[in-house]
Amino acid sequence: MGAAMLSEMATEIVVPVCAVIGIAFSLVQWVMVSRVKLTSERHASSANSSKNGYGDYLIEEEEGINDHSVVTKCADIQNAISEGATSFLFTEYQYVGIFMIAFAILIFLFLGSVEGFSMKSQPCTYDKEKMCKPALATAIFSTVSFLLGAITSVLSGFLGMKIATYANARTTLEARKGVGKAFIVAFRSGAVMGFLLAANGLLVLYIAINLFKLYYGDDWEGLFEAITGYGLGGSSMALFGRVGGGIYTKAADVGADLVGKVERNIPEDDPRNPAVIADNVGDNVGDIAGMGSDLFGSYAESSCAALVVASISSFGINHDFTGMLYPLLISSVGILVCLITTLFATDLFEIKVVKEIEPALKKQLIISTILMTVGIAIVTWIGVPSSFTIYNFGVQKVVKNWQLFLCVGVGLWAGLIIGFVTEYYTSNAYSPVQDVADSCRTGAATNVIFGLALGYKSVIIPIFAIAISIFVSFSFAAMYGIAVAALGMLSTIATGLAIDAYGPISDNAGGIAEMAGMSHRIRERTDALDAAGNTTAAIGKGFAIGSAALVSLALFGAFVSRAAITTVDVLTPKVFIGLIVGAMLPYWFSAMTMKSVGSAALKMVEEVRRQFNTIPGLMEGHAKPDYATCVKISTDASIKEMIPPGALVMLTPLIVGTFFGVETLSGVLAGALVSGVQIAISASNTGGAWDNAKKYIEAGVSEHARTLGPKGSDPHKAAVIGDTVGDPLKDTSGPSLNILIKLMAVESLVFAPFFATHGGLLFKIF
């Protein structure tokens with residue numbers, strides 16, 4: 001079999017060092033962002049002068065940088081957004097905290113009852129000759145790792161939101177010096193979030209493994225089974241963050257757009273619109289905090305799935321610690337690769353004109369993927385023996401190290417393909433979105449028809465990419481191959497998140513420019529940043545959905561192994577009923593989230609109309625709207641409405657596993673995975689395309705776009721309606737679905753010992 005070239009000692013050093021480098025790098029970026037001062041001193045704004053410092057001075061004068069009132073206004077608006085986002089997240093986390101404690105108790109009771117809460121050692125699941133730690137230990141440690149994952153997930157979302165609200169006004173102020181400066185501030189802020197999250201996730205997991213090892217000793221099977229709680233904690237918090245944040249942001253957005261743009265003909269982010277602060281707060285709690293928790297969940301779960309399978313393969317049996325931590329080594333190299341990639345955007349190349357923004361962001365994806373391929377090759381060469389065995393449904397399969405490299409590589413490149421296909425279907429630089437914009441000539445109905453068709457069509461290539469990566473990785477390294485393919489896709493998570501967080505920061509910056517009454521030229525710059533951010537947000541969602549498909553399949557494989565099922569036979573009625581019910585769940589879930597956005601938006605529309613009709617002088621700009629009421633409507637609606645969809649996802653595996661047993665549950669997981677991925681991709685891309693079709697008409701850059709515009713024309717109104725319909729699709733139900741498929745799979749894996757022992761009550765009775 002041979003041993004890895006990298007010693008155990010070296011592994012113990014490399015992983016935490018890379019994590020610390022990631023955290024240090026994010027702090028450096030944060031310091032650079034904080035150099036842009038939110039005070040109106042003449043020197044403060046030019047302290048961060050670039051290579052052509054003397055040129056800045058002229059631009060400053062030209063754009064009126066010394067306008068004290070503008071800077072003060074920006075600072076005030078930023079405070080309002082930050083306070084709104086913080087208070088919403090605190091309210092949300094209070095509810096989520098109660099759930100977290102209740103679910104932790106549930107994990108302890110269910111897993112502890114497997115052996116009747118006994119403290120005796122028991123025969124190992126996979127090797128009956130050996131004795132392993134008692135089931136009660138697994139129950140206690142699974143509960144601890146669940147809480148660790150949950151807290152890390154909440155922290156990831158909260159820190160991301162804090163950074164984004166810190167950076168939005170700074171991006172607006174830098175836009176006065178030119179689009180390049182504003183881009184760098186927005187991108188650096190995204191990088192702070194990306195690196196903090198990737199490094200934190202890695203470090204906490206590494207520390208947890210080492211602490212658990214003190215108790216478990218040689219029982220690695222029990223150790224890594226207990227670690228799966230980390231993934232469950234991460235994703236369960238992400239679900240509430242995504243659904244709650246998604247309902248919040250879209251209720252405000254739909255309300256602001258329908259009354260403001262369509263009825264009152266005022267521009268987007270106009271300070272007269274009562275829902276405008278709630279809309280900007282929503283970008284931070286939905287797109288930033290929700291996305292942060294979501295990708296952290298994916299990362300934690302793919303690591304857990306790989307570790308569980310490895311613990312019962314030759315790595316675990318021979319106690320090869322370096323081989324065992326291969327998933328963590330990939331993530332460690334990923335942090336270093338993303339660090340180098342980020343320098344390309346912020347330091348090595350400067351953006352001078354608007355049309356360079358999108359290519360710069362796309363280059364980030366390409367550079368990180370190419371460098372990561374080299375990184376994976378090195379890690380696989382020094383961190384894994386030349387040949388080893390992987391557990392594959394009861395038998396050990398021999399795998400070579402180059403095959404493992406291909407598994408990770410195929411996941412990495414599939415992610416890039418999904419990213420680019422998503423971009424093709426959602427960017428207004430290409431024909432699909434331009435066709436959707438063109439269909440607005442004949443009204444909103446044709447716009448909706450074209451948009452839906454685009455969404456369905458955009459599923460084809462990503463599904464083939466996922467299918468090929470599943471086939472290749474499973475053929476080479478069974479379920480372990482699929483888990484590391486998912487990790488490959490997520491290995492450049494720091495860059496992916498930086499690009500993703502850049503979008504909402506730019507969106508907020510544009511909103512602040514409009515509300516502070518800045519010149520039309522500055523608003524054009526922030527709009528250009530925002531349009532590129534919209535496409536990259538769609539790319540981020542594509543990554544999240546693609547990785548969710550691979551992660552949940554890997555977790556499904558680990559669950560099937562853990563529950564001692566040798567085959568999942570679709571022809572048996574037990575499995576088939578699970579399959580068909582599982583395929584229905586994403587629709588039920590989407591119906592709940594869409595209706596929640598609809599009913600919250602209805603309240604918002606009524607409130608915005610009421611203010612326009614009853615506050616004298618509001619339309620003329622003499623009176624201030626009551627922003628706080630709109631913020632409260634969004635907060636109350638999202639807190640109330642996030643509970644039912646959350647309960648549906650969390651309770652389904654428990655009910656099915658307990659009453660119908662592991663075979664039916666395996667059917668439910670397979671069904672939910674297959675239908676959830678399709679709906680998630682089509683919903684995200686449809687919404688993204690409608691949004692960018694509207695922006696295409698508004699920007700009026702090409703001759704074709706000008707024939708459809710300007711703002712306020714009939715085609716533009718039709719485009720706004722399409723965008724409004726697409727909002728809950730792309731920001732609430734679409735992104736939440738990838739959590740649904742992952743969460744049900746990881747929950748089934750954590751509770752597998754209980755289901756295998758006590759599950760299927762109904763079939764036992766009859």
# chains A, B, ... in the order shown; residues from 1 in each chain; ligands from 1
>>> select_by_dssp(residues="segment 315-496 of chain A", states="strand (DSSP E)", output="list in words")
Ser387, Phe388, Thr389, Ile390, Tyr391, Asn392, Val395, Gln396, Lys397, Val398, Val399 and Lys400 of chain A
>>> closest_residue(among="A:Ser590, A:Thr72, A:Asn318, A:Thr635", to="Thr39 of chain A", atoms="only C-alpha atoms")
A:Thr72
>>> residues_around(residues="Glu12 of chain A", least_positions_apart="3", cutoff="10 Å", atoms="only C-alpha atoms", output="MDAnalysis selection string")
chainID A and resid 7:9 15:17 206 210 321:322 325
>>> closest_residue(among="A:Thr380, A:Ser87, A:Asn401, A:Ser599", to="Lys640 of chain A", atoms="only C-alpha atoms")
A:Ser599
>>> closest_atom_pairs(of="segment 294-349 of chain A", to="segment 238-247 of chain A", cutoff="12 Å", atoms="only C-alpha atoms", output="CSV")
residue,atom,partner,partner_atom,distance
A:Asp294,CA,A:Ala238,CA,4.9
A:Leu295,CA,A:Ala238,CA,8.4
A:Phe296,CA,A:Ala238,CA,8.2
A:Gly297,CA,A:Ala238,CA,6.7
A:Ser298,CA,A:Ala238,CA,9.6
A:Tyr299,CA,A:Ala238,CA,11.9
A:Ala300,CA,A:Ala238,CA,11.5
>>> write_last_selection(atoms="C-alpha atoms", output="tab-separated table (two decimals), in the first residue's frame")
chain	number	residue	atom	x	y	z
A	294	ASP	CA	-24.98	28.22	2.78
A	295	LEU	CA	-21.49	27.79	1.32
A	296	PHE	CA	-20.04	27.13	4.76
A	297	GLY	CA	-22.64	24.34	5.12
A	298	SER	CA	-21.63	22.83	1.77
A	299	TYR	CA	-17.98	22.96	2.72
A	300	ALA	CA	-18.56	21.36	6.14
>>> closest_residue(among="A:Val597, A:Ala85, A:Ile460, A:Ile21", to="Ile340 of chain A", atoms="only C-alpha atoms")
A:Ile21
>>> select_by_dssp(residues="segment 301-489 of chain A", states="helix (DSSP H, G or I)", output="PDB file with C-alpha atoms, in the first residue's frame")
ATOM      1  CA  GLU A 301     -20.755  18.611   4.706  1.00  0.00           C
ATOM      2  CA  SER A 302     -18.483  17.619   1.839  1.00  0.00           C
ATOM      3  CA  SER A 303     -15.575  17.426   4.302  1.00  0.00           C
ATOM      4  CA  CYS A 304     -17.686  15.313   6.694  1.00  0.00           C
ATOM      5  CA  ALA A 305     -18.887  12.967   3.929  1.00  0.00           C
ATOM      6  CA  ALA A 306     -15.304  12.389   2.749  1.00  0.00           C
ATOM      7  CA  LEU A 307     -14.053  11.837   6.314  1.00  0.00           C
ATOM      8  CA  VAL A 308     -16.799   9.309   7.145  1.00  0.00           C
ATOM      9  CA  VAL A 309     -16.059   7.194   4.057  1.00  0.00           C
ATOM     10  CA  ALA A 310     -12.279   7.487   4.596  1.00  0.00           C
ATOM     11  CA  SER A 311     -12.554   6.356   8.225  1.00  0.00           C
ATOM     12  CA  SER A 314      -7.578   1.889   4.427  1.00  0.00           C
ATOM     13  CA  PHE A 315      -6.826   5.434   5.718  1.00  0.00           C
ATOM     14  CA  GLY A 316      -8.928   4.784   8.819  1.00  0.00           C
ATOM     15  CA  ILE A 317      -8.087   1.102   9.237  1.00  0.00           C
ATOM     16  CA  PHE A 321      -3.623  10.497   9.616  1.00  0.00           C
ATOM     17  CA  THR A 322      -2.264  12.364   6.563  1.00  0.00           C
ATOM     18  CA  GLY A 323      -4.397  10.354   4.146  1.00  0.00           C
ATOM     19  CA  MET A 324      -7.359  10.759   6.484  1.00  0.00           C
ATOM     20  CA  TYR A 326      -6.745  14.710   2.622  1.00  0.00           C
ATOM     21  CA  PRO A 327     -10.038  16.716   2.406  1.00  0.00           C
ATOM     22  CA  LEU A 328      -8.654  19.304   4.830  1.00  0.00           C
ATOM     23  CA  LEU A 329      -5.361  19.484   2.925  1.00  0.00           C
ATOM     24  CA  ILE A 330      -7.292  20.304  -0.279  1.00  0.00           C
ATOM     25  CA  SER A 331      -9.078  23.150   1.521  1.00  0.00           C
ATOM     26  CA  SER A 332      -5.765  24.395   2.970  1.00  0.00           C
ATOM     27  CA  VAL A 333      -4.171  24.613  -0.479  1.00  0.00           C
ATOM     28  CA  GLY A 334      -7.386  26.230  -1.722  1.00  0.00           C
ATOM     29  CA  ILE A 335      -6.882  29.124   0.698  1.00  0.00           C
ATOM     30  CA  LEU A 336      -3.324  29.723  -0.585  1.00  0.00           C
ATOM     31  CA  VAL A 337      -4.441  29.490  -4.227  1.00  0.00           C
ATOM     32  CA  CYS A 338      -7.299  31.952  -3.663  1.00  0.00           C
ATOM     33  CA  LEU A 339      -4.893  34.331  -1.923  1.00  0.00           C
ATOM     34  CA  ILE A 340      -2.675  34.473  -5.014  1.00  0.00           C
ATOM     35  CA  THR A 341      -5.745  34.770  -7.275  1.00  0.00           C
ATOM     36  CA  THR A 342      -7.132  37.719  -5.281  1.00  0.00           C
ATOM     37  CA  LEU A 343      -3.915  39.675  -5.804  1.00  0.00           C
ATOM     38  CA  PHE A 344      -4.575  39.553  -9.571  1.00  0.00           C
ATOM     39  CA  ALA A 345      -7.809  41.531  -9.086  1.00  0.00           C
ATOM     40  CA  THR A 346      -6.665  43.992  -6.420  1.00  0.00           C
ATOM     41  CA  ASP A 347      -2.961  44.618  -6.981  1.00  0.00           C
ATOM     42  CA  LEU A 348      -1.561  43.235 -10.218  1.00  0.00           C
ATOM     43  CA  VAL A 354     -16.458  49.819 -17.153  1.00  0.00           C
ATOM     44  CA  LYS A 355     -16.202  47.011 -19.696  1.00  0.00           C
ATOM     45  CA  GLU A 356     -13.188  45.524 -17.872  1.00  0.00           C
ATOM     46  CA  ILE A 357     -15.195  44.710 -14.706  1.00  0.00           C
ATOM     47  CA  GLU A 358     -16.893  41.494 -15.778  1.00  0.00           C
ATOM     48  CA  PRO A 359     -13.801  40.004 -17.476  1.00  0.00           C
ATOM     49  CA  ALA A 360     -11.793  40.757 -14.301  1.00  0.00           C
ATOM     50  CA  LEU A 361     -14.263  38.750 -12.219  1.00  0.00           C
ATOM     51  CA  LYS A 362     -14.336  35.903 -14.737  1.00  0.00           C
ATOM     52  CA  LYS A 363     -10.535  35.815 -14.761  1.00  0.00           C
ATOM     53  CA  GLN A 364     -10.678  35.229 -11.001  1.00  0.00           C
ATOM     54  CA  LEU A 365     -12.599  32.008 -11.610  1.00  0.00           C
ATOM     55  CA  ILE A 366     -10.293  30.833 -14.387  1.00  0.00           C
ATOM     56  CA  ILE A 367      -7.020  31.670 -12.582  1.00  0.00           C
ATOM     57  CA  SER A 368      -8.158  30.041  -9.334  1.00  0.00           C
ATOM     58  CA  THR A 369      -9.249  26.886 -11.202  1.00  0.00           C
ATOM     59  CA  ILE A 370      -5.960  26.545 -13.117  1.00  0.00           C
ATOM     60  CA  LEU A 371      -3.797  27.179 -10.031  1.00  0.00           C
ATOM     61  CA  MET A 372      -5.974  24.863  -7.941  1.00  0.00           C
ATOM     62  CA  THR A 373      -5.474  22.032 -10.449  1.00  0.00           C
ATOM     63  CA  VAL A 374      -1.732  22.289  -9.814  1.00  0.00           C
ATOM     64  CA  GLY A 375      -2.360  22.544  -6.056  1.00  0.00           C
ATOM     65  CA  ILE A 376      -4.494  19.377  -6.048  1.00  0.00           C
ATOM     66  CA  ALA A 377      -1.828  17.501  -8.009  1.00  0.00           C
ATOM     67  CA  ILE A 378       0.832  18.404  -5.424  1.00  0.00           C
ATOM     68  CA  VAL A 379      -1.379  17.563  -2.419  1.00  0.00           C
ATOM     69  CA  THR A 380      -2.412  14.224  -3.929  1.00  0.00           C
ATOM     70  CA  TRP A 381       1.192  13.360  -4.759  1.00  0.00           C
ATOM     71  CA  ILE A 382       2.606  14.071  -1.290  1.00  0.00           C
ATOM     72  CA  GLY A 383      -0.460  13.492   0.920  1.00  0.00           C
ATOM     73  CA  ASN A 401      -3.464   8.347  -6.202  1.00  0.00           C
ATOM     74  CA  TRP A 402      -3.729   9.701  -9.788  1.00  0.00           C
ATOM     75  CA  GLN A 403      -7.329   8.473  -9.880  1.00  0.00           C
ATOM     76  CA  LEU A 404      -8.070  10.463  -6.736  1.00  0.00           C
ATOM     77  CA  PHE A 405      -6.494  13.538  -8.362  1.00  0.00           C
ATOM     78  CA  LEU A 406      -8.867  13.130 -11.325  1.00  0.00           C
ATOM     79  CA  CYS A 407     -11.880  12.884  -8.963  1.00  0.00           C
ATOM     80  CA  VAL A 408     -11.072  16.233  -7.327  1.00  0.00           C
ATOM     81  CA  GLY A 409     -10.085  17.774 -10.665  1.00  0.00           C
ATOM     82  CA  VAL A 410     -13.312  16.782 -12.392  1.00  0.00           C
ATOM     83  CA  GLY A 411     -15.339  18.412  -9.611  1.00  0.00           C
ATOM     84  CA  LEU A 412     -13.246  21.577  -9.818  1.00  0.00           C
ATOM     85  CA  TRP A 413     -13.643  21.929 -13.595  1.00  0.00           C
ATOM     86  CA  ALA A 414     -17.338  20.966 -13.534  1.00  0.00           C
ATOM     87  CA  GLY A 415     -17.792  23.916 -11.164  1.00  0.00           C
ATOM     88  CA  LEU A 416     -16.130  26.247 -13.658  1.00  0.00           C
ATOM     89  CA  ILE A 417     -18.311  24.918 -16.513  1.00  0.00           C
ATOM     90  CA  ILE A 418     -21.480  25.391 -14.442  1.00  0.00           C
ATOM     91  CA  GLY A 419     -20.287  28.916 -13.601  1.00  0.00           C
ATOM     92  CA  PHE A 420     -19.772  29.862 -17.238  1.00  0.00           C
ATOM     93  CA  VAL A 421     -23.008  28.311 -18.466  1.00  0.00           C
ATOM     94  CA  THR A 422     -24.849  30.237 -15.757  1.00  0.00           C
ATOM     95  CA  GLU A 423     -23.092  33.387 -16.890  1.00  0.00           C
ATOM     96  CA  TYR A 424     -24.053  32.785 -20.528  1.00  0.00           C
ATOM     97  CA  TYR A 425     -27.725  32.459 -19.597  1.00  0.00           C
ATOM     98  CA  THR A 426     -27.882  35.355 -17.125  1.00  0.00           C
ATOM     99  CA  SER A 431     -28.174  36.589 -26.734  1.00  0.00           C
ATOM    100  CA  PRO A 432     -30.372  34.628 -24.242  1.00  0.00           C
ATOM    101  CA  VAL A 433     -30.949  37.671 -21.991  1.00  0.00           C
ATOM    102  CA  GLN A 434     -31.137  40.031 -24.988  1.00  0.00           C
ATOM    103  CA  ASP A 435     -33.918  37.840 -26.431  1.00  0.00           C
ATOM    104  CA  VAL A 436     -35.786  38.048 -23.131  1.00  0.00           C
ATOM    105  CA  ALA A 437     -35.369  41.851 -23.175  1.00  0.00           C
ATOM    106  CA  ASP A 438     -36.606  41.962 -26.769  1.00  0.00           C
ATOM    107  CA  SER A 439     -39.741  40.006 -25.822  1.00  0.00           C
ATOM    108  CA  CYS A 440     -40.731  42.902 -23.536  1.00  0.00           C
ATOM    109  CA  ARG A 441     -41.863  44.834 -26.662  1.00  0.00           C
ATOM    110  CA  THR A 442     -45.129  42.905 -26.581  1.00  0.00           C
ATOM    111  CA  ALA A 444     -45.048  41.312 -19.593  1.00  0.00           C
ATOM    112  CA  ALA A 445     -46.686  38.022 -20.673  1.00  0.00           C
ATOM    113  CA  THR A 446     -44.179  37.282 -23.454  1.00  0.00           C
ATOM    114  CA  ASN A 447     -41.350  38.344 -21.149  1.00  0.00           C
ATOM    115  CA  VAL A 448     -42.482  35.777 -18.568  1.00  0.00           C
ATOM    116  CA  ILE A 449     -42.807  33.029 -21.235  1.00  0.00           C
ATOM    117  CA  PHE A 450     -39.309  33.696 -22.642  1.00  0.00           C
ATOM    118  CA  GLY A 451     -37.792  33.898 -19.169  1.00  0.00           C
ATOM    119  CA  LEU A 452     -39.266  30.566 -18.063  1.00  0.00           C
ATOM    120  CA  ALA A 453     -38.077  28.890 -21.270  1.00  0.00           C
ATOM    121  CA  LEU A 454     -34.569  30.264 -20.708  1.00  0.00           C
ATOM    122  CA  GLY A 455     -34.512  28.893 -17.142  1.00  0.00           C
ATOM    123  CA  TYR A 456     -35.558  25.400 -18.220  1.00  0.00           C
ATOM    124  CA  LYS A 457     -33.049  25.369 -21.047  1.00  0.00           C
ATOM    125  CA  ILE A 460     -29.196  21.051 -19.624  1.00  0.00           C
ATOM    126  CA  ILE A 461     -25.417  21.621 -19.612  1.00  0.00           C
ATOM    127  CA  PRO A 462     -24.978  21.915 -15.798  1.00  0.00           C
ATOM    128  CA  ILE A 463     -26.797  18.594 -15.340  1.00  0.00           C
ATOM    129  CA  PHE A 464     -24.518  16.918 -17.903  1.00  0.00           C
ATOM    130  CA  ALA A 465     -21.488  18.422 -16.117  1.00  0.00           C
ATOM    131  CA  ILE A 466     -22.723  17.068 -12.768  1.00  0.00           C
ATOM    132  CA  ALA A 467     -23.561  13.684 -14.345  1.00  0.00           C
ATOM    133  CA  ILE A 468     -20.112  13.316 -15.919  1.00  0.00           C
ATOM    134  CA  SER A 469     -18.319  14.287 -12.707  1.00  0.00           C
ATOM    135  CA  ILE A 470     -20.434  11.765 -10.760  1.00  0.00           C
ATOM    136  CA  PHE A 471     -19.676   9.003 -13.252  1.00  0.00           C
ATOM    137  CA  VAL A 472     -15.938   9.692 -13.392  1.00  0.00           C
ATOM    138  CA  SER A 473     -15.447  10.124  -9.650  1.00  0.00           C
ATOM    139  CA  PHE A 474     -17.600   7.121  -8.700  1.00  0.00           C
ATOM    140  CA  SER A 475     -15.867   4.877 -11.241  1.00  0.00           C
ATOM    141  CA  PHE A 476     -12.467   5.773  -9.818  1.00  0.00           C
ATOM    142  CA  ALA A 477     -13.050   6.038  -6.067  1.00  0.00           C
ATOM    143  CA  ALA A 478     -16.674   5.095  -5.252  1.00  0.00           C
ATOM    144  CA  MET A 479     -18.524   7.433  -2.848  1.00  0.00           C
ATOM    145  CA  TYR A 480     -15.243   8.898  -1.573  1.00  0.00           C
ATOM    146  CA  GLY A 481     -14.588  10.073  -5.124  1.00  0.00           C
ATOM    147  CA  ILE A 482     -17.891  11.948  -5.214  1.00  0.00           C
ATOM    148  CA  ALA A 483     -17.216  13.560  -1.822  1.00  0.00           C
ATOM    149  CA  VAL A 484     -13.802  14.837  -2.927  1.00  0.00           C
ATOM    150  CA  ALA A 485     -15.257  15.975  -6.274  1.00  0.00           C
ATOM    151  CA  ALA A 486     -17.663  18.150  -4.263  1.00  0.00           C
ATOM    152  CA  LEU A 487     -14.677  19.410  -2.261  1.00  0.00           C
ATOM    153  CA  GLY A 488     -12.883  20.141  -5.525  1.00  0.00           C
ATOM    154  CA  MET A 489     -15.796  22.304  -6.617  1.00  0.00           C
TER     155      MET A 489
END
>>> closest_residue(among="A:Ala516, A:Ile209, A:Ile681, A:Val560", to="Ser666 of chain A", atoms="only C-alpha atoms")
A:Val560
>>> closest_residue(among="A:Ala102, A:Thr614, A:Cys18, A:Ala135", to="Phe117 of chain A", atoms="only C-alpha atoms")
A:Ala135
>>> closest_residue(among="A:Val36, A:Val70, A:Leu89, A:Ala513", to="Gly286 of chain A", atoms="only C-alpha atoms")
A:Leu89
>>> residues_around(residues="Asp507 of chain A", least_positions_apart="5", cutoff="9 Å", atoms="only C-alpha atoms", output="ChimeraX atom specification")
/A:168,280,283,502,512,526-527,529-531,533-534
>>> write_last_selection(atoms="N, CA, C and O atoms", output="PDB file, in the first residue's frame")
ATOM      1  N   ASN A 168     -20.163  49.170   2.022  1.00  0.00           N
ATOM      2  CA  ASN A 168     -21.020  49.690   0.942  1.00  0.00           C
ATOM      3  C   ASN A 168     -20.858  51.198   0.695  1.00  0.00           C
ATOM      4  O   ASN A 168     -20.663  51.633  -0.444  1.00  0.00           O
ATOM      5  N   ASN A 280     -32.360  47.645   0.820  1.00  0.00           N
ATOM      6  CA  ASN A 280     -30.895  47.572   0.934  1.00  0.00           C
ATOM      7  C   ASN A 280     -30.435  46.702   2.099  1.00  0.00           C
ATOM      8  O   ASN A 280     -29.413  46.032   2.027  1.00  0.00           O
ATOM      9  N   ASP A 283     -30.523  43.042   0.933  1.00  0.00           N
ATOM     10  CA  ASP A 283     -29.366  42.540   0.164  1.00  0.00           C
ATOM     11  C   ASP A 283     -28.328  41.932   1.083  1.00  0.00           C
ATOM     12  O   ASP A 283     -27.677  40.951   0.751  1.00  0.00           O
ATOM     13  N   TYR A 502     -19.239  40.525  -3.573  1.00  0.00           N
ATOM     14  CA  TYR A 502     -19.004  41.766  -4.306  1.00  0.00           C
ATOM     15  C   TYR A 502     -20.320  42.326  -4.881  1.00  0.00           C
ATOM     16  O   TYR A 502     -20.532  43.535  -4.898  1.00  0.00           O
ATOM     17  N   ILE A 512     -26.932  53.704  -2.189  1.00  0.00           N
ATOM     18  CA  ILE A 512     -26.478  54.822  -1.352  1.00  0.00           C
ATOM     19  C   ILE A 512     -26.203  56.057  -2.223  1.00  0.00           C
ATOM     20  O   ILE A 512     -26.547  57.183  -1.852  1.00  0.00           O
ATOM     21  N   THR A 526     -21.675  52.944 -10.392  1.00  0.00           N
ATOM     22  CA  THR A 526     -22.128  51.916  -9.438  1.00  0.00           C
ATOM     23  C   THR A 526     -23.079  50.939 -10.131  1.00  0.00           C
ATOM     24  O   THR A 526     -23.093  49.758  -9.804  1.00  0.00           O
ATOM     25  N   ASP A 527     -23.851  51.433 -11.113  1.00  0.00           N
ATOM     26  CA  ASP A 527     -24.735  50.524 -11.868  1.00  0.00           C
ATOM     27  C   ASP A 527     -23.924  49.504 -12.651  1.00  0.00           C
ATOM     28  O   ASP A 527     -24.304  48.337 -12.751  1.00  0.00           O
ATOM     29  N   LEU A 529     -20.943  48.405 -11.860  1.00  0.00           N
ATOM     30  CA  LEU A 529     -20.430  47.437 -10.870  1.00  0.00           C
ATOM     31  C   LEU A 529     -21.529  46.455 -10.489  1.00  0.00           C
ATOM     32  O   LEU A 529     -21.309  45.250 -10.371  1.00  0.00           O
ATOM     33  N   ASP A 530     -22.745  46.987 -10.315  1.00  0.00           N
ATOM     34  CA  ASP A 530     -23.870  46.169  -9.877  1.00  0.00           C
ATOM     35  C   ASP A 530     -24.272  45.155 -10.945  1.00  0.00           C
ATOM     36  O   ASP A 530     -24.567  44.000 -10.640  1.00  0.00           O
ATOM     37  N   ALA A 531     -24.295  45.578 -12.224  1.00  0.00           N
ATOM     38  CA  ALA A 531     -24.693  44.661 -13.302  1.00  0.00           C
ATOM     39  C   ALA A 531     -23.732  43.477 -13.376  1.00  0.00           C
ATOM     40  O   ALA A 531     -24.138  42.322 -13.525  1.00  0.00           O
ATOM     41  N   GLY A 533     -21.988  42.447 -10.870  1.00  0.00           N
ATOM     42  CA  GLY A 533     -22.229  41.717  -9.627  1.00  0.00           C
ATOM     43  C   GLY A 533     -23.431  40.801  -9.715  1.00  0.00           C
ATOM     44  O   GLY A 533     -23.463  39.725  -9.117  1.00  0.00           O
ATOM     45  N   ASN A 534     -24.422  41.233 -10.500  1.00  0.00           N
ATOM     46  CA  ASN A 534     -25.621  40.415 -10.667  1.00  0.00           C
ATOM     47  C   ASN A 534     -25.306  39.093 -11.341  1.00  0.00           C
ATOM     48  O   ASN A 534     -25.784  38.033 -10.962  1.00  0.00           O
TER      49      ASN A 534
END
>>> residues_around(residues="Phe754 of chain A", least_positions_apart="6", cutoff="8 Å", atoms="only C-alpha atoms", output="MDAnalysis selection string")
chainID A and resid 110:111 113:114
